[in-house]
>>> print(open('start_35.csv').read())   # CSV, C-alpha atoms and all ligand atoms
chain,number,residue,atom,x,y,z
L,1,MET,CA,0.0,0.0,0.0
L,2,ASP,CA,1.4,3.4,-1.0
L,3,LEU,CA,0.9,5.7,2.0
L,4,GLY,CA,1.5,8.8,-0.1
L,5,LEU,CA,4.2,10.1,2.2
L,6,GLN,CA,7.0,10.4,-0.3
L,7,GLY,CA,8.7,13.8,0.0
L,8,LYS,CA,6.4,15.0,2.8
L,9,ALA,CA,7.9,17.4,5.3
L,10,CYS,CA,7.3,16.1,8.8
L,11,ILE,CA,8.1,17.2,12.4
L,12,VAL,CA,8.3,14.6,15.1
L,13,THR,CA,8.8,15.7,18.7
L,14,GLY,CA,10.4,13.3,21.2
L,15,ALA,CA,12.1,11.7,18.3
L,16,THR,CA,15.3,10.3,19.9
L,17,ARG,CA,13.8,7.3,21.8
L,18,GLY,CA,10.9,5.0,21.9
L,19,ILE,CA,7.7,5.8,20.0
L,20,GLY,CA,9.1,9.0,18.4
L,21,LEU,CA,12.2,7.3,17.1
L,22,ALA,CA,10.2,4.4,15.7
L,23,THR,CA,7.9,6.9,14.0
L,24,THR,CA,10.8,8.9,12.6
L,25,ARG,CA,12.3,5.7,11.1
L,26,MET,CA,9.0,4.6,9.6
L,27,LEU,CA,8.2,7.9,8.1
L,28,ALA,CA,11.8,8.0,6.6
L,29,ALA,CA,11.3,4.5,5.2
L,30,GLU,CA,8.2,5.8,3.4
L,31,GLY,CA,10.3,8.5,1.8
L,32,ALA,CA,9.3,11.4,4.0
L,33,GLN,CA,11.6,14.1,5.2
L,34,VAL,CA,11.7,14.3,9.0
L,35,LEU,CA,12.7,17.1,11.4
L,36,SER,CA,13.5,15.1,14.5
L,37,VAL,CA,13.1,17.1,17.7
L,38,ALA,CA,14.3,16.5,21.3
L,39,ARG,CA,16.0,18.5,24.0
L,40,SER,CA,19.2,16.4,23.6
L,41,GLY,CA,19.7,17.3,20.0
L,42,GLY,CA,22.5,15.6,18.1
L,43,ASP,CA,23.8,15.3,14.6
L,44,GLU,CA,20.5,14.9,12.9
L,45,THR,CA,18.2,16.1,15.7
L,46,PHE,CA,17.0,19.6,16.1
L,47,ALA,CA,17.6,20.5,19.8
L,48,ALA,CA,14.5,22.1,21.3
L,49,ASP,CA,12.3,21.9,24.4
L,50,VAL,CA,8.6,21.9,23.5
L,51,THR,CA,7.8,23.4,26.9
L,52,LYS,CA,9.6,26.6,26.0
L,53,LEU,CA,7.5,29.4,24.5
L,54,GLU,CA,10.1,30.4,21.9
L,55,ASP,CA,10.8,26.9,20.7
L,56,ALA,CA,7.6,26.2,18.9
L,57,PRO,CA,8.1,28.9,16.2
L,58,ALA,CA,11.8,27.9,16.0
L,59,ILE,CA,10.8,24.2,15.3
L,60,VAL,CA,8.3,25.1,12.6
L,61,ALA,CA,10.7,27.6,11.0
L,62,ALA,CA,13.5,25.0,11.0
L,63,CYS,CA,11.2,22.5,9.1
L,64,VAL,CA,10.2,25.2,6.6
L,65,GLU,CA,13.9,26.2,6.1
L,66,ARG,CA,15.0,22.6,5.6
L,67,PHE,CA,12.2,21.2,3.6
L,68,GLY,CA,10.3,24.2,2.3
L,69,THR,CA,7.0,23.5,4.0
L,70,VAL,CA,5.3,21.5,6.8
L,71,ASP,CA,3.0,18.7,5.8
L,72,VAL,CA,2.9,16.6,9.0
L,73,LEU,CA,3.3,17.3,12.7
L,74,VAL,CA,3.6,14.5,15.3
L,75,ASN,CA,3.3,15.8,18.8
L,76,ASN,CA,4.9,12.9,20.6
L,77,ALA,CA,7.2,14.4,23.3
L,78,GLY,CA,5.9,13.4,26.8
L,79,THR,CA,6.8,11.6,30.0
L,80,SER,CA,5.5,10.1,33.2
L,81,PHE,CA,6.7,8.8,36.6
L,82,VAL,CA,5.1,7.0,39.5
L,83,ARG,CA,3.8,9.6,42.0
L,84,SER,CA,0.6,9.4,44.0
L,85,LEU,CA,-2.0,12.1,44.3
L,86,GLU,CA,-0.6,12.9,47.7
L,87,GLN,CA,3.0,13.1,46.5
L,88,LEU,CA,2.4,15.3,43.4
L,89,SER,CA,3.6,18.9,43.9
L,90,ASP,CA,2.2,22.0,42.1
L,91,GLU,CA,5.4,22.0,40.1
L,92,ASP,CA,4.7,18.4,38.9
L,93,TRP,CA,1.2,19.3,37.8
L,94,GLN,CA,2.4,22.5,36.0
L,95,ALA,CA,5.3,20.6,34.3
L,96,GLN,CA,2.9,17.9,33.0
L,97,TRP,CA,0.5,20.6,31.7
L,98,GLU,CA,3.3,22.4,29.9
L,99,LEU,CA,4.6,19.2,28.3
L,100,HIS,CA,1.4,17.6,27.3
L,101,VAL,CA,-0.9,20.5,26.5
L,102,MET,CA,0.9,23.9,26.0
L,103,GLY,CA,3.8,22.4,24.0
L,104,PRO,CA,1.5,20.6,21.5
L,105,MET,CA,-0.9,23.5,21.4
L,106,ARG,CA,1.8,26.0,20.5
L,107,LEU,CA,3.2,23.7,17.8
L,108,MET,CA,-0.3,23.2,16.3
L,109,ARG,CA,-0.9,27.0,16.5
L,110,GLU,CA,2.2,27.6,14.4
L,111,ALA,CA,1.9,24.7,12.0
L,112,ALA,CA,-1.8,24.3,11.3
L,113,PRO,CA,-2.3,27.7,9.6
L,114,LEU,CA,0.7,26.9,7.3
L,115,MET,CA,-0.8,23.6,6.4
L,116,ALA,CA,-4.2,25.2,5.8
L,117,ALA,CA,-2.6,27.8,3.5
L,118,ALA,CA,-0.9,25.0,1.6
L,119,GLY,CA,-4.2,23.1,1.1
L,120,GLY,CA,-4.0,20.6,4.0
L,121,GLY,CA,-1.9,18.5,6.2
L,122,ARG,CA,-1.8,16.0,9.1
L,123,VAL,CA,-1.4,16.3,12.8
L,124,VAL,CA,-1.1,13.4,15.2
L,125,ASN,CA,-1.1,13.9,19.0
L,126,VAL,CA,0.3,11.0,21.0
L,127,CYS,CA,-1.9,10.9,24.0
L,128,SER,CA,-2.6,7.8,26.3
L,129,SER,CA,-5.2,5.3,27.4
L,130,ALA,CA,-4.7,7.0,30.8
L,131,GLY,CA,-6.3,10.1,29.2
L,132,LYS,CA,-9.4,8.1,28.5
L,133,ARG,CA,-9.5,6.1,31.8
L,134,PRO,CA,-7.6,7.9,34.5
L,135,SER,CA,-4.9,5.9,36.2
L,136,LEU,CA,-3.7,6.6,39.8
L,137,THR,CA,0.0,5.8,38.8
L,138,ASN,CA,0.4,9.5,38.1
L,139,PRO,CA,-2.8,11.5,38.3
L,140,ALA,CA,-1.1,14.6,36.7
L,141,TYR,CA,-0.3,12.5,33.7
L,142,ALA,CA,-3.9,11.1,33.4
L,143,VAL,CA,-5.4,14.6,33.7
L,144,THR,CA,-3.1,16.3,31.2
L,145,LYS,CA,-3.4,13.5,28.7
L,146,ALA,CA,-7.2,13.9,28.9
L,147,ALA,CA,-6.7,17.6,28.2
L,148,GLN,CA,-4.4,16.7,25.3
L,149,LEU,CA,-7.2,14.5,23.8
L,150,SER,CA,-9.6,17.5,24.1
L,151,LEU,CA,-7.0,19.8,22.6
L,152,SER,CA,-6.6,17.5,19.6
L,153,ARG,CA,-10.4,17.5,19.0
L,154,VAL,CA,-10.5,21.3,19.2
L,155,PHE,CA,-7.9,21.7,16.5
L,156,ALA,CA,-9.5,19.0,14.4
L,157,ASP,CA,-12.8,20.9,14.5
L,158,ARG,CA,-11.2,24.2,13.7
L,159,TYR,CA,-9.1,23.0,10.8
L,160,ALA,CA,-11.3,20.3,9.2
L,161,ALA,CA,-12.6,22.6,6.5
L,162,ASP,CA,-9.0,23.6,5.6
L,163,GLY,CA,-8.0,20.0,4.9
L,164,VAL,CA,-5.8,19.8,8.1
L,165,LEU,CA,-6.7,16.4,9.6
L,166,VAL,CA,-5.9,16.2,13.4
L,167,ASN,CA,-6.1,12.9,15.3
L,168,ALA,CA,-5.0,11.5,18.6
L,169,VAL,CA,-3.4,8.1,19.3
L,170,ALA,CA,-3.9,6.6,22.8
L,171,PRO,CA,-1.3,3.9,23.5
L,172,GLY,CA,-1.4,1.7,26.5
L,173,ALA,CA,1.8,0.4,28.0
L,174,VAL,CA,4.7,0.3,25.5
L,175,THR,CA,8.2,-1.2,25.8
L,176,SER,CA,9.9,2.2,25.2
L,177,PRO,CA,12.8,3.5,27.4
L,178,LEU,CA,10.2,5.3,29.4
L,179,TRP,CA,9.2,1.9,30.9
L,180,THR,CA,12.3,-0.2,30.3
L,181,ASP,CA,15.3,2.1,31.1
L,182,ALA,CA,17.0,1.8,34.4
L,183,GLY,CA,15.0,4.0,36.8
L,184,GLY,CA,12.1,4.0,34.4
L,185,LEU,CA,8.4,3.2,35.1
L,186,ALA,CA,9.1,-0.6,35.6
L,187,ASP,CA,11.7,0.1,38.3
L,188,GLN,CA,9.6,2.9,39.9
L,189,ALA,CA,6.5,0.7,39.9
L,190,ALA,CA,8.5,-2.1,41.5
L,191,SER,CA,9.9,0.0,44.3
L,192,SER,CA,6.6,1.7,45.0
L,193,ARG,CA,4.8,-1.6,45.3
L,194,GLY,CA,7.6,-3.6,47.0
L,195,VAL,CA,7.8,-6.1,44.2
L,196,SER,CA,10.5,-7.1,41.7
L,197,ARG,CA,10.9,-5.4,38.4
L,198,ASP,CA,9.7,-8.5,36.5
L,199,GLU,CA,6.7,-8.8,38.8
L,200,ALA,CA,5.8,-5.1,38.1
L,201,LEU,CA,6.1,-5.7,34.4
L,202,ALA,CA,3.9,-8.8,34.6
L,203,ALA,CA,1.3,-7.0,36.7
L,204,GLN,CA,1.1,-4.3,34.1
L,205,ALA,CA,0.9,-6.8,31.2
L,206,GLY,CA,-1.8,-8.6,33.1
L,207,LYS,CA,-4.1,-5.6,33.0
L,208,ILE,CA,-4.0,-5.6,29.1
L,209,PRO,CA,-6.5,-7.9,27.3
L,210,LEU,CA,-3.8,-8.8,24.8
L,211,GLY,CA,-1.6,-9.8,27.7
L,212,ARG,CA,1.5,-7.9,26.7
L,213,PHE,CA,3.0,-4.5,26.2
L,214,ALA,CA,3.0,-3.0,22.7
L,215,SER,CA,6.3,-2.3,20.9
L,216,PRO,CA,7.2,1.3,19.9
L,217,GLU,CA,6.9,0.1,16.2
L,218,GLU,CA,3.3,-1.1,16.8
L,219,ILE,CA,2.3,2.4,18.0
L,220,ALA,CA,4.4,4.1,15.2
L,221,SER,CA,2.4,2.0,12.6
L,222,VAL,CA,-0.8,3.6,13.8
L,223,ILE,CA,0.7,7.1,13.9
L,224,VAL,CA,2.2,6.8,10.4
L,225,PHE,CA,-1.1,5.6,9.0
L,226,LEU,CA,-2.9,8.6,10.4
L,227,CYS,CA,-0.1,10.8,8.9
L,228,SER,CA,-0.7,9.3,5.5
L,229,GLN,CA,-2.9,10.1,2.5
L,230,ARG,CA,-4.8,6.8,3.2
L,231,ALA,CA,-6.3,8.3,6.4
L,232,SER,CA,-8.1,10.9,4.2
L,233,THR,CA,-11.4,10.8,6.0
L,234,VAL,CA,-10.1,10.4,9.6
L,235,THR,CA,-10.1,13.5,11.7
L,236,GLY,CA,-11.0,14.2,15.3
L,237,ALA,CA,-10.4,10.6,16.2
L,238,ALA,CA,-8.8,9.3,19.4
L,239,TRP,CA,-7.4,6.0,18.2
L,240,SER,CA,-6.7,3.5,21.0
L,241,ALA,CA,-3.6,1.4,20.4
L,242,ASP,CA,-3.7,-0.3,23.8
L,243,GLY,CA,-4.2,-4.0,23.4
L,244,GLY,CA,-7.9,-3.6,24.3
L,245,THR,CA,-7.3,-1.8,27.6
L,246,PHE,CA,-9.8,0.9,27.3
L,247,ALA,CA,-13.1,-1.0,27.0
L,248,SER,CA,-15.5,1.0,24.9
L,249,ILE,CA,-17.6,0.4,21.8
L,250,ILE,CA,-16.9,4.0,20.5
F,1,LIG,N1,5.7,4.2,26.9
F,1,LIG,C1,4.4,4.1,27.2
F,1,LIG,O1,4.0,3.1,27.8
F,1,LIG,C2,3.4,5.2,26.7
F,1,LIG,C3,2.0,4.9,26.9
F,1,LIG,C4,1.1,5.8,26.5
F,1,LIG,C5,1.5,7.0,26.0
F,1,LIG,N2,2.8,7.3,25.8
F,1,LIG,C6,3.2,8.6,25.2
F,1,LIG,O2,4.0,8.4,24.1
F,1,LIG,C7,4.9,9.5,24.0
F,1,LIG,C8,6.3,9.0,23.8
F,1,LIG,O3,6.6,8.2,24.9
F,1,LIG,P1,7.9,7.2,25.0
F,1,LIG,O4,7.4,6.1,25.8
F,1,LIG,O5,8.4,6.9,23.6
F,1,LIG,O6,8.9,8.1,25.8
F,1,LIG,P2,10.5,8.0,25.9
F,1,LIG,O7,11.0,6.7,25.6
F,1,LIG,O8,10.8,8.5,27.3
F,1,LIG,O9,11.0,9.1,24.9
F,1,LIG,C9,10.6,10.4,25.1
F,1,LIG,C10,11.2,11.3,24.0
F,1,LIG,O10,10.7,12.7,24.2
F,1,LIG,C11,11.8,13.6,24.3
F,1,LIG,N3,11.3,14.7,25.1
F,1,LIG,C12,11.0,14.6,26.4
F,1,LIG,N4,10.7,15.8,26.9
F,1,LIG,C13,10.8,16.7,25.9
F,1,LIG,C14,10.7,18.1,25.7
F,1,LIG,N5,10.3,18.9,26.8
F,1,LIG,N6,10.9,18.7,24.5
F,1,LIG,C15,11.3,17.9,23.5
F,1,LIG,N7,11.5,16.6,23.6
F,1,LIG,C16,11.2,16.0,24.7
F,1,LIG,C17,12.9,12.7,24.7
F,1,LIG,O11,14.2,13.2,24.4
F,1,LIG,P3,15.0,14.3,25.3
F,1,LIG,O12,15.0,13.7,26.7
F,1,LIG,O13,16.4,14.4,24.8
F,1,LIG,O14,14.3,15.6,25.2
F,1,LIG,C18,12.7,11.4,24.0
F,1,LIG,O15,13.1,11.6,22.6
F,1,LIG,C19,4.7,10.3,25.2
F,1,LIG,O16,3.8,11.4,24.9
F,1,LIG,C20,4.0,9.4,26.2
F,1,LIG,O17,3.2,10.1,27.1
F,1,LIG,C21,3.8,6.3,26.2
>>> encode(input="start_35.csv", output="structure tokens", more="lines below")
Ligand SMILES: NC(=O)c1ccc[n+]([C@@H]2O[C@H](COP(=O)([O-])OP(=O)(O)OC[C@H]3O[C@@H](n4cnc5c(N)ncnc54)[C@H](OP(=O)(O)O)[C@@H]3O)[C@@H](O)[C@H]2O)c1
Amino acid sequence: MDLGLQGKACIVTGATRGIGLATTRMLAAEGAQVLSVARSGGDETFAADVTKLEDAPAIVAACVERFGTVDVLVNNAGTSFVRSLEQLSDEDWQAQWELHVMGPMRLMREAAPLMAAAGGGRVVNVCSSAGKRPSLTNPAYAVTKAAQLSLSRVFADRYAADGVLVNAVAPGAVTSPLWTDAGGLADQAASSRGVSRDEALAAQAGKIPLGRFASPEEIASVIVFLCSQRASTVTGAAWSADGGTFASII
């Protein structure tokens, strides 16, 4: 199947690890040109922090400078940690809000009008199943991911008539470095529950109807499809890619 992504100018945030890296590689394999964005930067990565006010215009300008336009934006940068409602500080809440809502909002505010002027485009917001069904692992994550789902729908409604299709993907647990790195969610869950790392991973997998974590590539496949010409009638969706975790018929 030709996804129609050859030569498309794409921005992927959070592109150096996990879901963002898999998405970048998959878009490139389809012939797209990708501006990879992360704070750490590097040879082929544009160094930017999506929580900084001035970085959104800089990211979009870099894409236009390199590739001449912006056809696709993937708002993927995000993070979580194990912290209870009682432990979360005001700074934790604010930081999660900046990362999951203000960052994607500013990038869409910059990129969507350019896409509209060029006749259309695609935006994919990487949200979470925790935004559909709040989890107590990190309530600030669940609440801000719910807000990101709403943000995605607001931009979808505003830009539909301009041919800019905006969708969300809601992954469940994924074997990205966020979970698997030393000190990541697996280790944090283990220490907060007083179990081994393997027991923490097995407990998480046991909550998923498919019985396992997704790979970053499995989530990237859904993201890339939504970025493609093939998803030409999909907008305003919040596509679960969670092994059946969020039980709903809509
Ligand atoms: N893994 C899961 O189980 C899971 C489940 C549901 C949803 N998600 C969502 O999927 C997305 C990707 O998660 P992941 O698991 O792939 O995470 P990850 O493995 O921790 O990778 C995160 C990426 O985001 C970048 N990043 C973090 N903060 C940033 C910032 N302020 N500005 C720019 N880049 C930033 C990181 O690079 P630098 O550190 O260099 O900036 C890295 O490239 C997130 O939105 C997450 O909430 C993940």
>>> closest_atom_pairs(input="start_35.csv", of="chain L", to="ligand LIG 1 (chain F)", cutoff="6 Å", atoms="all atoms listed in the file", output="JSON lines")
{"residue": "L:Thr13", "atom": "CA", "partner": "F:LIG1", "partner_atom": "N7", "distance": 5.7}
{"residue": "L:Gly14", "atom": "CA", "partner": "F:LIG1", "partner_atom": "O10", "distance": 3.1}
{"residue": "L:Ala15", "atom": "CA", "partner": "F:LIG1", "partner_atom": "O15", "distance": 4.4}
{"residue": "L:Thr16", "atom": "CA", "partner": "F:LIG1", "partner_atom": "O15", "distance": 3.7}
{"residue": "L:Arg17", "atom": "CA", "partner": "F:LIG1", "partner_atom": "O15", "distance": 4.4}
{"residue": "L:Gly18", "atom": "CA", "partner": "F:LIG1", "partner_atom": "O5", "distance": 3.6}
{"residue": "L:Ile19", "atom": "CA", "partner": "F:LIG1", "partner_atom": "O5", "distance": 3.8}
{"residue": "L:Gly20", "atom": "CA", "partner": "F:LIG1", "partner_atom": "O5", "distance": 5.7}
{"residue": "L:Ala38", "atom": "CA", "partner": "F:LIG1", "partner_atom": "N7", "distance": 3.6}
{"residue": "L:Arg39", "atom": "CA", "partner": "F:LIG1", "partner_atom": "O14", "distance": 3.6}
{"residue": "L:Ser40", "atom": "CA", "partner": "F:LIG1", "partner_atom": "O13", "distance": 3.6}
{"residue": "L:Ala48", "atom": "CA", "partner": "F:LIG1", "partner_atom": "C15", "distance": 5.7}
{"residue": "L:Asp49", "atom": "CA", "partner": "F:LIG1", "partner_atom": "N6", "distance": 3.5}
{"residue": "L:Val50", "atom": "CA", "partner": "F:LIG1", "partner_atom": "N6", "distance": 4.1}
{"residue": "L:Thr51", "atom": "CA", "partner": "F:LIG1", "partner_atom": "N5", "distance": 5.1}
{"residue": "L:Asn76", "atom": "CA", "partner": "F:LIG1", "partner_atom": "O16", "distance": 4.7}
{"residue": "L:Ala77", "atom": "CA", "partner": "F:LIG1", "partner_atom": "O10", "distance": 4.0}
{"residue": "L:Gly78", "atom": "CA", "partner": "F:LIG1", "partner_atom": "O16", "distance": 3.5}
{"residue": "L:Thr79", "atom": "CA", "partner": "F:LIG1", "partner_atom": "O17", "distance": 4.9}
{"residue": "L:Leu99", "atom": "CA", "partner": "F:LIG1", "partner_atom": "N5", "distance": 5.9}
{"residue": "L:Val126", "atom": "CA", "partner": "F:LIG1", "partner_atom": "O16", "distance": 5.3}
{"residue": "L:Cys127", "atom": "CA", "partner": "F:LIG1", "partner_atom": "C5", "distance": 5.5}
{"residue": "L:Ser128", "atom": "CA", "partner": "F:LIG1", "partner_atom": "C5", "distance": 4.2}
{"residue": "L:Pro171", "atom": "CA", "partner": "F:LIG1", "partner_atom": "C4", "distance": 4.3}
{"residue": "L:Gly172", "atom": "CA", "partner": "F:LIG1", "partner_atom": "C3", "distance": 4.7}
{"residue": "L:Ala173", "atom": "CA", "partner": "F:LIG1", "partner_atom": "O1", "distance": 3.5}
{"residue": "L:Val174", "atom": "CA", "partner": "F:LIG1", "partner_atom": "O1", "distance": 3.7}
{"residue": "L:Ser176", "atom": "CA", "partner": "F:LIG1", "partner_atom": "O7", "distance": 4.6}
{"residue": "L:Pro177", "atom": "CA", "partner": "F:LIG1", "partner_atom": "O7", "distance": 4.1}
{"residue": "L:Leu178", "atom": "CA", "partner": "F:LIG1", "partner_atom": "O8", "distance": 3.9}
{"residue": "L:Trp179", "atom": "CA", "partner": "F:LIG1", "partner_atom": "N1", "distance": 5.8}
>>> residues_around(input="start_35.csv", residues="region 221-231 of chain L", least_positions_apart="2", cutoff="9 Å", atoms="only C-alpha atoms", output="VMD selection string")
chain L and resid 1 to 5 22 to 23 26 to 27 72 to 74 121 to 126 165 to 169 216 to 219 233 to 235 239 241
>>> closest_atom_pairs(input="start_35.csv", of="region 111-204 of chain L", to="region 57-65 of chain L", cutoff="12 Å", atoms="only C-alpha atoms", output="tab-separated table")
residue	atom	partner	partner_atom	distance
L:Ala111	CA	L:Val60	CA	6.4
L:Ala112	CA	L:Val60	CA	10.2
L:Pro113	CA	L:Val60	CA	11.3
L:Leu114	CA	L:Val60	CA	9.4
L:Met115	CA	L:Val60	CA	11.1
>>> closest_residue(input="start_35.csv", among="L:Ala130, L:Val34, L:Met108, L:Ala140", to="Ala95 (chain L)", atoms="only C-alpha atoms")
L:Ala140
>>> atom_distance(input="start_35.csv", atom1="CA of Lys8 (chain L)", atom2="CA of Ser240 (chain L)")
25.2 Å
>>> atom_distance(input="start_35.csv", atom1="CA of Arg197 (chain L)", atom2="CA of Arg212 (chain L)")
15.2 Å
>>> closest_residue(input="start_35.csv", among="L:Gly68, L:Gly103, L:Gly120, L:Gly31", to="Ala56 (chain L)", atoms="only C-alpha atoms")
L:Gly103
>>> closest_residue(input="start_35.csv", among="L:Arg193, L:Arg109, L:Arg158, L:His100", to="Thr137 (chain L)", atoms="all atoms listed in the file")
L:Arg193
>>> atom_distance(input="start_35.csv", atom1="CA of Gly206 (chain L)", atom2="CA of Asp181 (chain L)")
20.3 Å
>>> closest_residue(input="start_35.csv", among="L:Asp187, L:Trp97, L:Ser36, L:Ser129", to="Gly244 (chain L)", atoms="only C-alpha atoms")
L:Ser129
